[in-house]
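Student: I'm passing along work.pdb; it holds PDB, C-alpha atoms and all ligand atoms.
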ATOM      1  CA  MET P 263       0.000   0.000   0.000
ATOM      2  CA  ASN P 264       1.453   3.355  -1.043
ATOM      3  CA  TRP P 265       0.425   5.344   2.019
ATOM      4  CA  TRP P 266       2.452   8.307   0.700
ATOM      5  CA  LYS P 267       0.578   8.675  -2.616
ATOM      6  CA  ASP P 268      -1.344  11.825  -1.566
ATOM      7  CA  LEU P 269       1.753  13.743  -0.481
ATOM      8  CA  LYS P 270       2.592  16.652  -2.784
ATOM      9  CA  GLY P 271       6.381  16.734  -2.407
ATOM     10  CA  LYS P 272       9.007  14.472  -3.965
ATOM     11  CA  VAL P 273       9.046  10.854  -2.778
ATOM     12  CA  ARG P 274      11.820   8.425  -3.745
ATOM     13  CA  GLN P 275      12.214   4.772  -2.822
ATOM     14  CA  GLY P 276      15.665   3.335  -2.109
ATOM     15  CA  GLU P 277      17.398   6.698  -2.486
ATOM     16  CA  LEU P 278      21.104   6.286  -1.701
ATOM     17  CA  LEU P 279      21.864   8.495   1.263
ATOM     18  CA  LYS P 280      25.529   8.810   0.298
ATOM     19  CA  ARG P 281      24.231  11.266  -2.308
ATOM     20  CA  HIS P 282      23.034  13.451   0.566
ATOM     21  CA  THR P 283      25.930  13.351   3.043
ATOM     22  CA  THR P 284      29.206  15.266   2.871
ATOM     23  CA  PHE P 285      30.957  12.024   3.977
ATOM     24  CA  LYS P 286      29.583  10.394   0.775
ATOM     25  CA  ILE P 287      28.632   7.418   2.942
ATOM     26  CA  GLY P 288      25.112   6.037   3.445
ATOM     27  CA  GLY P 289      22.985   3.182   2.170
ATOM     28  CA  PRO P 290      19.502   3.245   0.626
ATOM     29  CA  ALA P 291      16.613   4.790   2.570
ATOM     30  CA  LYS P 292      13.314   2.946   2.429
ATOM     31  CA  LEU P 293      11.726   6.260   1.480
ATOM     32  CA  PHE P 294      13.202   9.700   0.961
ATOM     33  CA  ILE P 295      10.649  12.511   1.121
ATOM     34  CA  GLU P 296      10.965  16.235   0.439
ATOM     35  CA  PRO P 297       7.663  17.785   1.593
ATOM     36  CA  LEU P 298       6.355  20.565  -0.630
ATOM     37  CA  ASP P 299       5.419  22.930   2.177
ATOM     38  CA  ARG P 300       4.261  23.117   5.769
ATOM     39  CA  ASP P 301       0.844  21.506   5.094
ATOM     40  CA  ASP P 302       2.507  18.640   3.253
ATOM     41  CA  LEU P 303       4.851  18.123   6.217
ATOM     42  CA  LYS P 304       1.829  18.085   8.524
ATOM     43  CA  SER P 305       0.137  15.448   6.328
ATOM     44  CA  LEU P 306       3.313  13.364   6.494
ATOM     45  CA  LEU P 307       3.302  13.560  10.296
ATOM     46  CA  THR P 308      -0.340  12.458  10.388
ATOM     47  CA  LEU P 309       0.564   9.455   8.216
ATOM     48  CA  LYS P 310       3.591   8.741  10.406
ATOM     49  CA  LYS P 311       1.291   8.546  13.434
ATOM     50  CA  ARG P 312      -1.355   6.444  11.695
ATOM     51  CA  TYR P 313       1.088   3.908  10.225
ATOM     52  CA  LYS P 314       3.730   4.163  12.993
ATOM     53  CA  ILE P 315       6.494   5.043  10.562
ATOM     54  CA  PRO P 316       9.979   5.806  11.902
ATOM     55  CA  LEU P 317      11.078   9.164  10.572
ATOM     56  CA  LEU P 318      14.558  10.700  10.386
ATOM     57  CA  LEU P 319      15.356  14.287   9.446
ATOM     58  CA  ILE P 320      18.365  15.165   7.345
ATOM     59  CA  GLY P 321      19.676  18.638   6.570
ATOM     60  CA  ALA P 322      22.720  19.143   4.368
ATOM     61  CA  GLY P 323      24.101  15.828   5.711
ATOM     62  CA  SER P 324      27.271  17.536   6.881
ATOM     63  CA  ASN P 325      27.458  16.314  10.459
ATOM     64  CA  ILE P 326      26.284  12.770  10.151
ATOM     65  CA  LEU P 327      27.567   9.234   9.609
ATOM     66  CA  VAL P 328      24.883   7.133   7.930
ATOM     67  CA  SER P 329      25.072   3.330   7.943
ATOM     68  CA  SER P 330      25.974   1.776   4.614
ATOM     69  CA  LYS P 331      23.168  -0.763   5.158
ATOM     70  CA  VAL P 332      19.467  -0.170   4.398
ATOM     71  CA  ILE P 333      17.931   2.605   6.494
ATOM     72  CA  ASN P 334      14.549   1.288   7.579
ATOM     73  CA  ALA P 335      12.933   4.660   7.972
ATOM     74  CA  VAL P 336      11.453   7.550   6.090
ATOM     75  CA  VAL P 337      14.176  10.127   5.646
ATOM     76  CA  VAL P 338      12.811  13.644   5.385
ATOM     77  CA  ARG P 339      14.630  16.633   3.950
ATOM     78  CA  LEU P 340      13.169  20.146   4.016
ATOM     79  CA  SER P 341      14.741  21.215   0.749
ATOM     80  CA  SER P 342      11.787  22.429  -1.341
ATOM     81  CA  PRO P 343      11.769  26.169  -2.184
ATOM     82  CA  PHE P 344       9.165  26.737   0.566
ATOM     83  CA  PHE P 345      11.729  25.844   3.248
ATOM     84  CA  LYS P 346      14.477  27.978   1.715
ATOM     85  CA  LYS P 347      12.803  31.396   1.690
ATOM     86  CA  ILE P 348      14.822  34.314   3.035
ATOM     87  CA  SER P 349      13.369  37.704   4.010
ATOM     88  CA  PHE P 350      14.419  40.718   6.051
ATOM     89  CA  CYS P 351      12.698  43.113   8.425
ATOM     90  CA  GLY P 352      15.062  45.787   9.748
ATOM     91  CA  ASN P 353      17.997  43.971  11.342
ATOM     92  CA  ILE P 354      16.135  40.658  11.445
ATOM     93  CA  LEU P 355      16.814  37.905   8.926
ATOM     94  CA  GLU P 356      14.013  35.367   8.646
ATOM     95  CA  ALA P 357      14.789  32.165   6.772
ATOM     96  CA  GLY P 358      13.456  28.674   6.266
ATOM     97  CA  SER P 359      15.264  25.853   8.022
ATOM     98  CA  GLY P 360      16.341  24.264   4.720
ATOM     99  CA  THR P 361      18.349  27.370   3.767
ATOM    100  CA  LEU P 362      22.073  26.743   3.454
ATOM    101  CA  LEU P 363      24.111  28.739   5.975
ATOM    102  CA  ARG P 364      26.152  30.090   3.084
ATOM    103  CA  ASP P 365      23.044  31.487   1.345
ATOM    104  CA  ALA P 366      21.756  33.072   4.570
ATOM    105  CA  ILE P 367      24.984  34.868   5.492
ATOM    106  CA  LEU P 368      25.639  36.032   1.932
ATOM    107  CA  ALA P 369      22.091  37.416   1.602
ATOM    108  CA  ALA P 370      22.568  39.248   4.913
ATOM    109  CA  ALA P 371      25.977  40.641   3.950
ATOM    110  CA  ARG P 372      24.589  41.974   0.646
ATOM    111  CA  ARG P 373      22.111  43.998   2.729
ATOM    112  CA  GLY P 374      24.856  45.242   5.032
ATOM    113  CA  LEU P 375      23.799  42.946   7.878
ATOM    114  CA  SER P 376      26.487  41.299   9.939
ATOM    115  CA  GLY P 377      26.847  38.852  12.838
ATOM    116  CA  GLY P 378      26.678  35.398  11.268
ATOM    117  CA  GLU P 379      29.959  35.527   9.355
ATOM    118  CA  PHE P 380      31.558  32.977  11.716
ATOM    119  CA  LEU P 381      29.288  30.392  10.072
ATOM    120  CA  ALA P 382      31.126  30.802   6.757
ATOM    121  CA  GLY P 383      32.586  27.512   5.586
ATOM    122  CA  ILE P 384      30.193  25.306   7.581
ATOM    123  CA  PRO P 385      28.399  23.252   4.897
ATOM    124  CA  GLY P 386      25.086  22.932   6.796
ATOM    125  CA  THR P 387      21.502  24.161   6.721
ATOM    126  CA  LEU P 388      20.038  26.612   9.212
ATOM    127  CA  GLY P 389      17.890  23.847  10.730
ATOM    128  CA  GLY P 390      20.841  21.520  11.334
ATOM    129  CA  ALA P 391      23.018  24.364  12.602
ATOM    130  CA  LEU P 392      20.349  25.386  15.132
ATOM    131  CA  VAL P 393      19.763  21.897  16.500
ATOM    132  CA  MET P 394      23.487  21.422  17.126
ATOM    133  CA  ASN P 395      24.222  25.087  17.883
ATOM    134  CA  ALA P 396      26.958  25.262  15.254
ATOM    135  CA  GLY P 397      29.733  27.722  15.808
ATOM    136  CA  MET P 398      33.374  28.543  16.068
ATOM    137  CA  GLY P 399      35.643  26.492  18.291
ATOM    138  CA  ASN P 400      34.401  25.816  21.803
ATOM    139  CA  SER P 401      31.740  28.536  21.796
ATOM    140  CA  ASP P 402      33.303  31.942  21.217
ATOM    141  CA  PHE P 403      30.449  32.408  18.768
ATOM    142  CA  SER P 404      27.550  30.112  18.041
ATOM    143  CA  ILE P 405      24.362  30.483  16.062
ATOM    144  CA  GLY P 406      22.251  30.298  19.223
ATOM    145  CA  ASP P 407      23.554  33.751  20.229
ATOM    146  CA  LEU P 408      21.812  35.288  17.210
ATOM    147  CA  VAL P 409      18.406  33.648  17.607
ATOM    148  CA  GLU P 410      15.415  35.903  18.219
ATOM    149  CA  SER P 411      12.763  33.204  17.747
ATOM    150  CA  ILE P 412      12.128  29.904  16.005
ATOM    151  CA  GLU P 413       8.996  28.590  14.340
ATOM    152  CA  ALA P 414       8.762  24.831  14.748
ATOM    153  CA  MET P 415       6.354  21.951  14.304
ATOM    154  CA  ASP P 416       5.996  19.304  16.964
ATOM    155  CA  TYR P 417       5.593  15.673  15.921
ATOM    156  CA  HIS P 418       1.785  16.016  16.208
ATOM    157  CA  GLY P 419       1.827  18.645  13.461
ATOM    158  CA  LYS P 420       1.247  21.636  15.771
ATOM    159  CA  VAL P 421       3.125  24.822  14.835
ATOM    160  CA  ILE P 422       4.616  26.813  17.707
ATOM    161  CA  ARG P 423       6.827  29.870  18.040
ATOM    162  CA  LEU P 424       9.726  29.407  20.435
ATOM    163  CA  THR P 425      11.317  32.492  21.911
ATOM    164  CA  LYS P 426      14.635  32.863  23.717
ATOM    165  CA  LYS P 427      13.170  31.762  27.041
ATOM    166  CA  ASP P 428      12.010  28.430  25.537
ATOM    167  CA  ILE P 429      15.310  27.555  23.841
ATOM    168  CA  LYS P 430      18.408  26.170  25.548
ATOM    169  CA  PHE P 431      21.681  26.185  23.636
ATOM    170  CA  GLY P 432      24.884  24.516  24.841
ATOM    171  CA  TYR P 433      28.197  23.546  23.239
ATOM    172  CA  ARG P 434      27.115  21.779  20.033
ATOM    173  CA  CYS P 435      23.667  20.966  21.463
ATOM    174  CA  SER P 436      20.191  22.380  22.103
ATOM    175  CA  ASN P 437      16.772  21.349  23.361
ATOM    176  CA  LEU P 438      15.376  21.604  19.806
ATOM    177  CA  THR P 439      15.619  17.913  18.903
ATOM    178  CA  LYS P 440      11.977  17.286  19.836
ATOM    179  CA  TYR P 441      10.801  19.672  17.109
ATOM    180  CA  ILE P 442      11.013  20.039  13.358
ATOM    181  CA  ILE P 443      12.345  23.535  12.829
ATOM    182  CA  LEU P 444      10.460  25.426  10.096
ATOM    183  CA  SER P 445      12.096  28.834  10.146
ATOM    184  CA  VAL P 446      14.213  31.108  12.298
ATOM    185  CA  ARG P 447      14.592  34.811  12.987
ATOM    186  CA  LEU P 448      18.162  35.914  13.572
ATOM    187  CA  ARG P 449      19.050  39.345  14.946
ATOM    188  CA  LEU P 450      21.968  40.865  13.055
ATOM    189  CA  ALA P 451      23.787  44.203  13.230
ATOM    190  CA  ARG P 452      24.318  46.993  10.679
ATOM    191  CA  ARG P 453      27.668  47.161   8.913
ATOM    192  CA  THR P 454      28.680  48.034   5.404
ATOM    193  CA  LYS P 455      28.346  45.358   2.759
ATOM    194  CA  ARG P 456      32.104  45.542   2.260
ATOM    195  CA  GLN P 457      32.820  44.938   5.963
ATOM    196  CA  ALA P 458      30.417  42.001   6.156
ATOM    197  CA  MET P 459      31.793  40.393   2.988
ATOM    198  CA  GLY P 460      35.345  40.930   4.270
ATOM    199  CA  LYS P 461      34.538  39.094   7.515
ATOM    200  CA  ILE P 462      32.974  36.184   5.616
ATOM    201  CA  LYS P 463      36.163  35.834   3.611
ATOM    202  CA  GLU P 464      38.304  36.019   6.760
ATOM    203  CA  TYR P 465      36.398  33.230   8.549
ATOM    204  CA  TRP P 466      36.228  31.134   5.406
ATOM    205  CA  LEU P 467      39.996  31.358   4.885
ATOM    206  CA  CYS P 468      40.629  30.635   8.561
ATOM    207  CA  ARG P 469      38.591  27.411   8.353
ATOM    208  CA  ARG P 470      40.265  26.359   5.102
ATOM    209  CA  LEU P 471      43.634  26.770   6.788
ATOM    210  CA  VAL P 472      42.982  24.263   9.599
ATOM    211  CA  GLN P 473      40.411  21.890   8.119
ATOM    212  CA  ASP P 474      41.230  18.980   5.833
ATOM    213  CA  LEU P 475      38.910  19.040   2.847
ATOM    214  CA  SER P 476      41.053  16.852   0.594
ATOM    215  CA  SER P 477      38.503  13.980   0.705
ATOM    216  CA  PRO P 478      34.822  13.755   1.707
ATOM    217  CA  ASN P 479      34.362  14.133   5.488
ATOM    218  CA  ALA P 480      31.911  15.278   8.158
ATOM    219  CA  GLY P 481      33.998  17.984   9.843
ATOM    220  CA  CYS P 482      35.160  17.378  13.389
ATOM    221  CA  ILE P 483      34.169  13.898  14.529
ATOM    222  CA  PHE P 484      34.390  14.485  18.293
ATOM    223  CA  LYS P 485      33.385  17.427  20.477
ATOM    224  CA  ASN P 486      36.163  19.183  22.331
ATOM    225  CA  PRO P 487      36.054  17.896  25.928
ATOM    226  CA  PRO P 488      36.009  20.761  28.495
ATOM    227  CA  GLY P 489      39.480  22.289  28.624
ATOM    228  CA  TYR P 490      40.903  20.180  25.783
ATOM    229  CA  SER P 491      41.118  20.107  22.014
ATOM    230  CA  ALA P 492      39.981  16.711  20.702
ATOM    231  CA  GLY P 493      42.249  17.172  17.660
ATOM    232  CA  ARG P 494      45.313  17.733  19.827
ATOM    233  CA  LEU P 495      44.518  14.722  22.059
ATOM    234  CA  ILE P 496      44.120  12.405  19.047
ATOM    235  CA  ASP P 497      47.269  13.831  17.483
ATOM    236  CA  SER P 498      49.215  13.202  20.720
ATOM    237  CA  CYS P 499      48.208   9.527  20.545
ATOM    238  CA  GLY P 500      50.041   9.341  17.208
ATOM    239  CA  LEU P 501      46.897   8.396  15.327
ATOM    240  CA  LYS P 502      47.199  10.707  12.318
ATOM    241  CA  GLY P 503      47.182   8.736   9.086
ATOM    242  CA  ARG P 504      45.700   5.587  10.710
ATOM    243  CA  LYS P 505      43.485   3.708   8.225
ATOM    244  CA  ALA P 506      40.511   1.321   8.342
ATOM    245  CA  GLY P 507      39.244   0.137   4.969
ATOM    246  CA  GLY P 508      38.713   3.232   2.820
ATOM    247  CA  ALA P 509      38.747   5.656   5.785
ATOM    248  CA  ARG P 510      41.746   7.490   7.227
ATOM    249  CA  ILE P 511      42.472   9.884  10.073
ATOM    250  CA  SER P 512      43.590  13.146   8.515
ATOM    251  CA  LEU P 513      47.258  14.106   8.578
ATOM    252  CA  LYS P 514      46.284  17.779   8.726
ATOM    253  CA  HIS P 515      43.700  17.723  11.545
ATOM    254  CA  ALA P 516      43.432  14.614  13.724
ATOM    255  CA  ASN P 517      39.737  15.214  14.534
ATOM    256  CA  PHE P 518      38.874  14.718  10.854
ATOM    257  CA  ILE P 519      38.237  11.302   9.303
ATOM    258  CA  LEU P 520      38.424  11.229   5.534
ATOM    259  CA  ASN P 521      36.580   8.986   3.111
ATOM    260  CA  ASP P 522      39.507   8.309   0.777
ATOM    261  CA  HIS P 523      38.395   5.187  -1.049
ATOM    262  CA  GLN P 524      34.659   4.468  -0.897
ATOM    263  CA  ALA P 525      34.741   3.917   2.841
ATOM    264  CA  ASP P 526      31.965   2.045   4.578
ATOM    265  CA  SER P 527      30.286   3.417   7.700
ATOM    266  CA  ALA P 528      31.873   0.463   9.565
ATOM    267  CA  ASP P 529      35.376   1.688   8.566
ATOM    268  CA  VAL P 530      34.694   5.094  10.120
ATOM    269  CA  LEU P 531      33.200   3.507  13.247
ATOM    270  CA  ARG P 532      36.308   1.350  13.649
ATOM    271  CA  LEU P 533      38.516   4.441  13.593
ATOM    272  CA  MET P 534      36.198   6.245  16.020
ATOM    273  CA  GLN P 535      36.409   3.317  18.448
ATOM    274  CA  LEU P 536      40.186   3.185  18.163
ATOM    275  CA  VAL P 537      40.447   6.916  18.836
ATOM    276  CA  GLY P 538      38.056   6.724  21.805
ATOM    277  CA  LYS P 539      40.010   3.852  23.389
ATOM    278  CA  GLN P 540      43.465   5.354  22.916
ATOM    279  CA  VAL P 541      42.529   8.839  24.144
ATOM    280  CA  LYS P 542      40.857   7.298  27.205
ATOM    281  CA  ALA P 543      43.881   5.114  27.932
ATOM    282  CA  LYS P 544      46.440   7.917  27.526
ATOM    283  CA  PHE P 545      44.587  10.957  28.930
ATOM    284  CA  LYS P 546      41.671   9.464  30.946
ATOM    285  CA  VAL P 547      39.354  11.636  28.856
ATOM    286  CA  ASN P 548      36.121  10.419  27.265
ATOM    287  CA  LEU P 549      35.550  11.744  23.759
ATOM    288  CA  GLU P 550      31.937  12.351  22.783
ATOM    289  CA  PRO P 551      31.052  12.216  19.077
ATOM    290  CA  GLU P 552      29.983  15.518  17.574
ATOM    291  CA  ILE P 553      28.569  13.786  14.523
ATOM    292  CA  LYS P 554      25.235  11.978  14.653
ATOM    293  CA  VAL P 555      25.445   8.279  13.815
ATOM    294  CA  TRP P 556      22.537   6.541  12.053
ATOM    295  CA  SER P 557      23.175   2.847  12.467
TER     296      SER P 557
HETATM  297  N1  LIG Z   1      45.660  20.624  17.053
HETATM  298  C1  LIG Z   1      46.695  19.708  17.048
HETATM  299  N2  LIG Z   1      46.629  18.646  16.188
HETATM  300  C2  LIG Z   1      45.564  18.460  15.355
HETATM  301  C3  LIG Z   1      44.505  19.388  15.360
HETATM  302  C4  LIG Z   1      44.578  20.475  16.240
HETATM  303  O1  LIG Z   1      47.635  19.853  17.800
HETATM  304  O2  LIG Z   1      45.589  17.492  14.607
HETATM  305  C5  LIG Z   1      45.739  21.795  17.938
HETATM  306  C6  LIG Z   1      45.853  23.084  17.125
HETATM  307  O3  LIG Z   1      47.159  23.361  16.772
HETATM  308  C7  LIG Z   1      45.244  24.108  18.069
HETATM  309  C8  LIG Z   1      44.218  23.305  18.864
HETATM  310  O4  LIG Z   1      44.547  21.933  18.682
HETATM  311  O5  LIG Z   1      46.217  24.582  18.936
HETATM  312  C9  LIG Z   1      42.774  23.574  18.380
HETATM  313  O6  LIG Z   1      42.686  23.225  17.001
HETATM  314  P1  LIG Z   1      41.752  24.034  15.956
HETATM  315  O7  LIG Z   1      42.087  25.477  15.996
HETATM  316  O8  LIG Z   1      41.791  23.314  14.681
HETATM  317  O9  LIG Z   1      40.309  23.978  16.599
HETATM  318  P2  LIG Z   1      39.476  22.735  17.066
HETATM  319  O10 LIG Z   1      39.109  22.993  18.480
HETATM  320  O11 LIG Z   1      40.111  21.436  16.740
HETATM  321  C10 LIG Z   1      37.186  23.804  16.494
HETATM  322  C11 LIG Z   1      35.897  23.258  15.911
HETATM  323  C12 LIG Z   1      35.975  23.267  14.392
HETATM  324  C13 LIG Z   1      36.285  24.673  13.867
HETATM  325  C14 LIG Z   1      37.593  25.158  14.523
HETATM  326  C15 LIG Z   1      37.931  26.583  14.140
HETATM  327  C16 LIG Z   1      35.043  21.586  17.486
HETATM  328  C17 LIG Z   1      34.942  20.133  17.784
HETATM  329  N3  LIG Z   1      35.725  21.892  16.389
HETATM  330  O12 LIG Z   1      38.196  22.867  16.141
HETATM  331  O13 LIG Z   1      34.696  22.917  13.924
HETATM  332  O14 LIG Z   1      36.443  24.655  12.470
HETATM  333  O15 LIG Z   1      37.462  25.099  15.973
HETATM  334  O16 LIG Z   1      36.866  27.390  14.502
HETATM  335  O17 LIG Z   1      34.483  22.395  18.217
HETATM  336  C18 LIG Z   1      33.285  21.119  13.344
HETATM  337  O18 LIG Z   1      32.603  21.459  14.326
HETATM  338  O19 LIG Z   1      32.958  20.199  12.565
HETATM  339  C19 LIG Z   1      34.537  21.812  13.111
HETATM  340  C20 LIG Z   1      35.398  21.416  12.212
END
Now, as a test, write the supplied structure out as structure tokens.

Tutor:
Amino acid sequence: MNWWKDLKGKVRQGELLKRHTTFKIGGPAKLFIEPLDRDDLKSLLTLKKRYKIPLLLIGAGSNILVSSKVINAVVVRLSSPFFKKISFCGNILEAGSGTLLRDAILAAARRGLSGGEFLAGIPGTLGGALVMNAGMGNSDFSIGDLVESIEAMDYHGKVIRLTKKDIKFGYRCSNLTKYIILSVRLRLARRTKRQAMGKIKEYWLCRRLVQDLSSPNAGCIFKNPPGYSAGRLIDSCGLKGRKAGGARISLKHANFILNDHQADSADVLRLMQLVGKQVKAKFKVNLEPEIKVWS
């Protein structure tokens, strides 16, 4: 029975998720759905409830390791034009959760609005960045600091507006996981277009300098434990260059794992386990993954 036949957005069966992750790893999803708009998303949630369908949300797939086996769930991506609208009201940028961070900060800079430039070079969507409170380093700047309010849908299809008092942001985490974020209002500051563009370039170059983008990857694999740099700890264990199947720990930044040769999710997990064990043994520090793992 095709329970999804009345949905208006795109529906694909067996879509390979490696096409939708920056790691270029991920097996086929039972169903891959891009709802057309908010009502279509609501209809999907009603169907989810009626047929008890497991549902997983994916953004730009930049902070995730997806199993190379079949994903027995409906994978939902808010990537239709409805979820990518950007508008401005004074110093407020309002944008759909499917908007790429790059598009949001460039649109703001063109209007002489500044504040989100530190997000330059992070290949995520606004929705994903909000849920994990993406930012620079340990938390000098993070997207949560800019949030004025968020419009979200709960898993019963009810739309609510969350204001600052409802939202808790921490280092690479938030209390937003129980919602589907629809759009966000960010408060920015006036600058000249030239200044804002200059800052974007500065942050972008800074990231390019330290990050290893020579092969597909998912950015930093582990969070920085309080008072430490995960990259430095892994480096000090002499693990740079260590391989498992087609995956390898970067020689440039030890907290990066690269997909050199069609790596499997199991290859990456093997390296993550090795890293976790060795850092624990040498420094008595537990590393917590920053990336989400769909197994
Ligand atoms: N270091 C080493 N060896 C390494 C890597 C780093 O000794 O292999 C040292 C560096 O020399 C530096 C310190 O560790 O003294 C910190 O390194 P870095 O400046 O690269 O920052 P990081 O803490 O490793 C964080 C974010 C990155 C972000 C950079 C720059 C986390 C987990 N990582 O990295 O974000 O690009 O700051 O803002 O918070 C990501 O979240 O995916 C990510 C890549």

Student: Please identify all polymer residues within 8 Å of P:Glu379, counting only C-alpha atoms, omitting same-chain residues fewer than 3 positions from it, and present them as a PyMOL selection string.

Tutor: chain P and resi 367+376+382+458+461-462+465

Student: May I ask you to write as a VMD selection string all residues lying at most 9 Å from ligand LIG 1 (chain Z), with all atoms listed in the file counted?

Tutor: chain P and resid 324 to 325 380 383 to 384 396 to 402 433 to 434 465 468 to 474 480 to 487 490 to 498 502 512 to 518 551 to 553

Student: Looking at P:Ala525, P:Ala370, P:Val409, P:Ala506, which one is nearest to P:Lys455, with distances taken over only C-alpha atoms?

Tutor: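 Closest residue, counting only C-alpha atoms: P:Ala370.
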
Student: With distances taken over only C-alpha atoms, which of P:Gln540, P:Gln524, P:Asn334, P:Ser476 is nearest to P:Gln275?

Tutor: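 Result for the nearest residue to P:Gln275: P:Asn334.
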
Student: Can you work out which one of P:Ser436, P:Asn353, P:Thr454, P:Thr283 has the shortest atom-to-atom distance to P:Leu327, counting all atoms listed in the file?

Tutor: P:Thr283

Student: Out of P:Gly386, P:Thr284, P:Glu550, P:Pro290, which residue has the shortest atom-to-atom distance to P:Leu475 when counting all atoms listed in the file?

Tutor: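 Checking each candidate against P:Leu475, we get P:Thr284 as the closest.
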
Student: Go through the shown structure with the PyMOL selection byres (((chain P and resi 270) around 7) and not hetatm) and write out the matching residues as number ranges by chain.

Tutor: P: 268-269, 271-272, 297-298, 302

Student: Within 12 Å of P:Ile422, counting only C-alpha atoms, which residues qualify if same-chain residues fewer than 4 places away don't, as a PyMOL selection string?

Tutor: chain P and resi 411-418+428+441-446

Student: Residues picked by the PyMOL selection byres (((chain P and resi 293) around 7) and not hetatm) here, as a PyMOL selection string?

Tutor: chain P and resi 273-277+291-292+294-295+335-337

Student: Can you measure atom CA of P:Gly406 to atom CA of P:Leu392 for me? One decimal in Å is fine.

Tutor: 6.7 Å

Student: Please give the centre and size of the box around stretch 410-422 of chain P (axis-aligned, containing every atom listed in the file, 3 Å added per side), with values in Å to one decimal and written as lines of an AutoDock Vina configuration file.

Tutor:
center_x = 8.3
center_y = 25.8
center_z = 15.8
size_x = 20.2
size_y = 26.2
size_z = 10.8

Student: P:Ser341, P:Ser329, P:Thr439, P:Ser477: which is nearest P:Val530, counting only C-alpha atoms?

Tutor: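 Answer, going by the shortest atom-to-atom distance: P:Ser329.
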
Student: As an exercise, work out the distance from atom CA of P:Arg510 to atom CA of P:Asp522 in Å and give it to one decimal place.

Tutor: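 Atom-to-atom, atom CA of P:Arg510 and atom CA of P:Asp522 are spaced 6.9 Å apart.
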
Student: Do a neighbour search on P:Gly390 at 8 Å with only C-alpha atoms, toss out local chain neighbours closer than 4 positions, and write the hits as a list in words.

Tutor: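 Counting only C-alpha atoms, the residues come to Ile320, Gly321, Ala322, Ser359, Gly386 and Met394 of chain P.
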
Student: Rank nothing, just name the residue among P:Val338, P:Leu319, P:Met459, P:Cys435 nearest to P:Arg364, using all atoms listed in the file.

Tutor: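 The closest residue to P:Arg364 is P:Met459.
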
Student: Taking the file as shown, find all residues satisfying the PyMOL selection byres (((chain P and resi 388) around 6) and not hetatm) and write them as a list in words.

Tutor: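 Matching residues under the PyMOL selection byres (((chain P and resi 388) around 6) and not hetatm) are Ser359, Thr361, Leu363, Thr387, Gly389, Gly390 and Ala391 of chain P.
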
Student: Should you be able to, write stretch 328-339 of chain P of this structure into a file that contains N, CA and C atoms, as a JSON list (two decimals), in the first residue's frame.

Tutor:
[["chain", "number", "residue", "atom", "x", "y", "z"],
["P", 328, "VAL", "N", 26.04, 7.98, 8.21],
["P", 328, "VAL", "CA", 24.88, 7.13, 7.93],
["P", 328, "VAL", "C", 25.37, 5.72, 7.61],
["P", 329, "SER", "N", 24.71, 4.73, 8.20],
["P", 329, "SER", "CA", 25.07, 3.33, 7.94],
["P", 329, "SER", "C", 25.04, 3.03, 6.44],
["P", 330, "SER", "N", 25.96, 2.16, 6.03],
["P", 330, "SER", "CA", 25.97, 1.78, 4.61],
["P", 330, "SER", "C", 24.91, 0.72, 4.32],
["P", 331, "LYS", "N", 24.24, 0.22, 5.38],
["P", 331, "LYS", "CA", 23.17, -0.76, 5.16],
["P", 331, "LYS", "C", 21.85, -0.03, 4.89],
["P", 332, "VAL", "N", 20.77, -0.80, 4.67],
["P", 332, "VAL", "CA", 19.47, -0.17, 4.40],
["P", 332, "VAL", "C", 19.00, 0.61, 5.63],
["P", 333, "ILE", "N", 18.49, 1.81, 5.40],
["P", 333, "ILE", "CA", 17.93, 2.61, 6.49],
["P", 333, "ILE", "C", 16.42, 2.37, 6.49],
["P", 334, "ASN", "N", 15.96, 1.65, 7.51],
["P", 334, "ASN", "CA", 14.55, 1.29, 7.58],
["P", 334, "ASN", "C", 13.72, 2.41, 8.18],
["P", 335, "ALA", "N", 13.68, 3.50, 7.46],
["P", 335, "ALA", "CA", 12.93, 4.66, 7.97],
["P", 335, "ALA", "C", 12.59, 5.55, 6.79],
["P", 336, "VAL", "N", 11.73, 6.52, 7.09],
["P", 336, "VAL", "CA", 11.45, 7.55, 6.09],
["P", 336, "VAL", "C", 12.41, 8.70, 6.40],
["P", 337, "VAL", "N", 13.23, 9.03, 5.45],
["P", 337, "VAL", "CA", 14.18, 10.13, 5.65],
["P", 337, "VAL", "C", 13.57, 11.39, 5.02],
["P", 338, "VAL", "N", 13.49, 12.42, 5.83],
["P", 338, "VAL", "CA", 12.81, 13.64, 5.39],
["P", 338, "VAL", "C", 13.82, 14.77, 5.25],
["P", 339, "ARG", "N", 13.75, 15.47, 4.14],
["P", 339, "ARG", "CA", 14.63, 16.63, 3.95],
["P", 339, "ARG", "C", 13.78, 17.84, 3.57]]
